[in-house]
Structures are given as C-alpha cells and as structure tokens.
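Here the structure is laid out as structure tokens; the discussion comes afterwards.
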Amino acid sequence: MAKKEKFYVVWEGHRPGIYTKWEDCKAAVKGYASAKYKSFDSFDIAKKAYNGNYDDYKGKAKTKKTISPEELAKIGEPNLYSIAVDAASSGNPGKMEYRGVDTQTHKQLFHQGPFIQGTNNIGEFLALVHGLAYLKKKKSDRIIYSDSKIAIGWVKQKTCKTKLKRTSKNKEMFDLVDRAILWLKENTYTTKIVKWETKAWGEIPADFGRK
C-alpha cells in the first residue's frame, strides 16, 4: 500500500516553505533555534496554514481520517476535562522529548527534553507517568489521554520494556525511567488512562507535528 502523502509547513527555519518530504523539512529546521513547523494531510490545508500564523495550528489536530457515521457514533467525542500526553523522537534512537497539554485549551502543562538518545516509546511512557504524577499532585480528577498502546501497557505493568541499551549518552533519560518505574511501584492513583482515538479525533493535542 502506498504511503499517504503529507505536506510539511515551515513557518520559521533556515528555509521557510511547504515541503512534501520529511527529510527536506528536517533539513530546513535542524539546528534552527525556535523553529516552527507542522505536518498536514493536504496541500490546501498546508497552504492555508503557511499563509496564516503558526500559533493557530501548533498542537492542534490534523485532518481527521474518514470513518463511517456508525463508527464515529460508537467512539463518541473526546472528554475535554482531561490532559493529553505525547512524545516525539528524531530517529530511533534519536533526540526525544515529551510533553503534556490541557486537552481543551492546548496549554502546555509540562515538557521534558530533548534527551540525546531516546525512543518514542520511552518518551510516551515517561509522558504518561509524568502526567499521572502531575494530576495526583494537583489532586485532579481529570482523565489522561495517550495515543500509545505500548506505553499504556508498560504503565499498567509498572515497567519499561524498551530494548534500548543504556549508555553514557542516555544516562539522564534512563535515570528518569528508573524514577518513573519507582513512582509507579510506590504510588497508587485513580486517574483513568484512556486511548486517544486518532482515526476519529485527529492527532492528539499534545502532538509535536513531526510525523
């Protein structure tokens, strides 16, 4: 099956513009402080975004995939009284970061990274545990969304089953992983972890827009 075409908008970078290849987009923003970019599913939407303001699009859902009315009715709408978490990794392994945002307002609540050598799965795991600790500290009854089945599974098992080997380069990240596992083993929580339904709702609000 042919890979679905994407369009990458670079508002601020070495070479602002609209790109059809991630490699070209990456070259246009790599090493550029405070680069602003995001991917879209159609050229028309990308063109409109490029002619608009980055702040109007950052962290917001991309074009939703077409699903039947029956499927949509079954899935329902997201619970906006929640937070959403996500991670991004440039390479596998590569520079990784994660964050949590308010699902309704898209306000960033926490952010960690980038870590020099990490993976997306590790980032998703850390984001979830950070989110759980954040909500418990706030004594909040909000739910938490993640689009990673793997990370949700790791959290439920109170472990991180990554195959990435520990090195001096990723020590800082793995120290955080160890702390996250310890937190899961020493704490209880009532927060409900829910899978974000990307096919119905678009990309999760915490998405970094780099796919």
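Chain lettering (A, B, ...) mirrors the order of the structure tokens, residue numbering begins at 1 for each chain separately, and ligand numbering begins at 1 in order of display.
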Any chance you could list, as a count of residues only, the residues in range 34-202 of chain A that come up alpha helix (DSSP H) when DSSP is run on the backbone? 62
Identify, on the basis of only C-alpha atoms, every residue whose closest approach to Ile152 in chain A does not exceed 10 Å; exclude the query and any residue fewer than 4 positions from it along the same chain; express the result as an MDAnalysis selection string. chainID A and resid 124:125 128:129 145:148 156:158 193:195
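One distance worth recording is that between CA of Ala84 in chain A and CA of Lys139 in chain A, which is 16.8 Å.
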Members of chain A assigned strand (DSSP E) by DSSP, as an MDAnalysis selection string: chainID A and resid 7:12 17:19 36:40 82:91 94:102 108:118 143:146 193:195
May I ask for the distance between CA of Asp175 in chain A and CA of Ala206 in chain A, given in Å to one decimal place?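 Value for the CA of Asp175 in chain A-CA of Ala206 in chain A distance: 23.6 Å.
Coordinates place CA of Cys160 in chain A at a distance of 20.7 Å from CA of Leu135 in chain A.
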Spatial neighbours of range 25-28 of chain A, max dist 6 Å, only C-alpha atoms, sep filter under 5 positions, as a ChimeraX atom specification: /A:13-15,19
Nearest to Lys6 in chain A among A:His111, A:Lys169, A:Phe43, A:Glu23, with distances taken over only C-alpha atoms: which residue is it?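 Residue with the minimum atom-to-atom distance to Lys6 in chain A: A:Phe43.
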Spatial neighbours of Glu172 in chain A, 12 Å, only C-alpha atoms, chain gap at least 3 places, as a ChimeraX atom specification: /A:96,112-118,166-169,175-179
Written file, previous selection with C-alpha atoms, as a PDB file, in the first residue's frame:
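Result file follows (again.pdb):
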```
ATOM      1  CA  MET A  96      13.488  12.660  22.142  1.00  0.00           C
ATOM      2  CA  GLN A 112      10.933  17.403  29.220  1.00  0.00           C
ATOM      3  CA  GLY A 113      13.823  17.096  26.811  1.00  0.00           C
ATOM      4  CA  PRO A 114      15.218  16.855  24.354  1.00  0.00           C
ATOM      5  CA  PHE A 115      17.218  13.857  25.502  1.00  0.00           C
ATOM      6  CA  ILE A 116      20.192  12.995  23.293  1.00  0.00           C
ATOM      7  CA  GLN A 117      19.418   9.319  22.725  1.00  0.00           C
ATOM      8  CA  GLY A 118      15.885   8.071  23.270  1.00  0.00           C
ATOM      9  CA  ARG A 166      21.943   2.016  28.449  1.00  0.00           C
ATOM     10  CA  THR A 167      24.937   4.150  27.533  1.00  0.00           C
ATOM     11  CA  SER A 168      26.636   7.255  28.858  1.00  0.00           C
ATOM     12  CA  LYS A 169      24.672   9.263  26.274  1.00  0.00           C
ATOM     13  CA  ASP A 175      17.621   7.858  35.313  1.00  0.00           C
ATOM     14  CA  LEU A 176      14.215   9.394  34.624  1.00  0.00           C
ATOM     15  CA  VAL A 177      12.885   5.997  33.506  1.00  0.00           C
ATOM     16  CA  ASP A 178      14.069   4.440  36.775  1.00  0.00           C
ATOM     17  CA  ARG A 179      12.367   7.219  38.739  1.00  0.00           C
TER      18      ARG A 179
END
```
I want to know what sits within 12 Å of Trp196 in chain A, based on only C-alpha atoms, with residues of the same chain fewer than 3 positions away left out; could you give that as JSON, numbers by chain? {"A": [61, 75, 76, 77, 78, 79, 80, 82, 83, 84, 85, 86, 103, 143, 144, 145, 146, 147, 148, 149, 152, 193, 199, 200, 201, 202, 203, 204, 205, 206, 207]}
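Considering only C-alpha atoms, the residue among A:Ile122, A:Leu132, A:Ala49, A:Val29 positioned nearest to Leu184 in chain A is A:Leu132.
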Residues within 12 Å of Asn51 in chain A, only C-alpha atoms, excluding chain neighbours under 3 positions, as a ChimeraX atom specification: /A:9-11,16-18,44-48,54,56-57
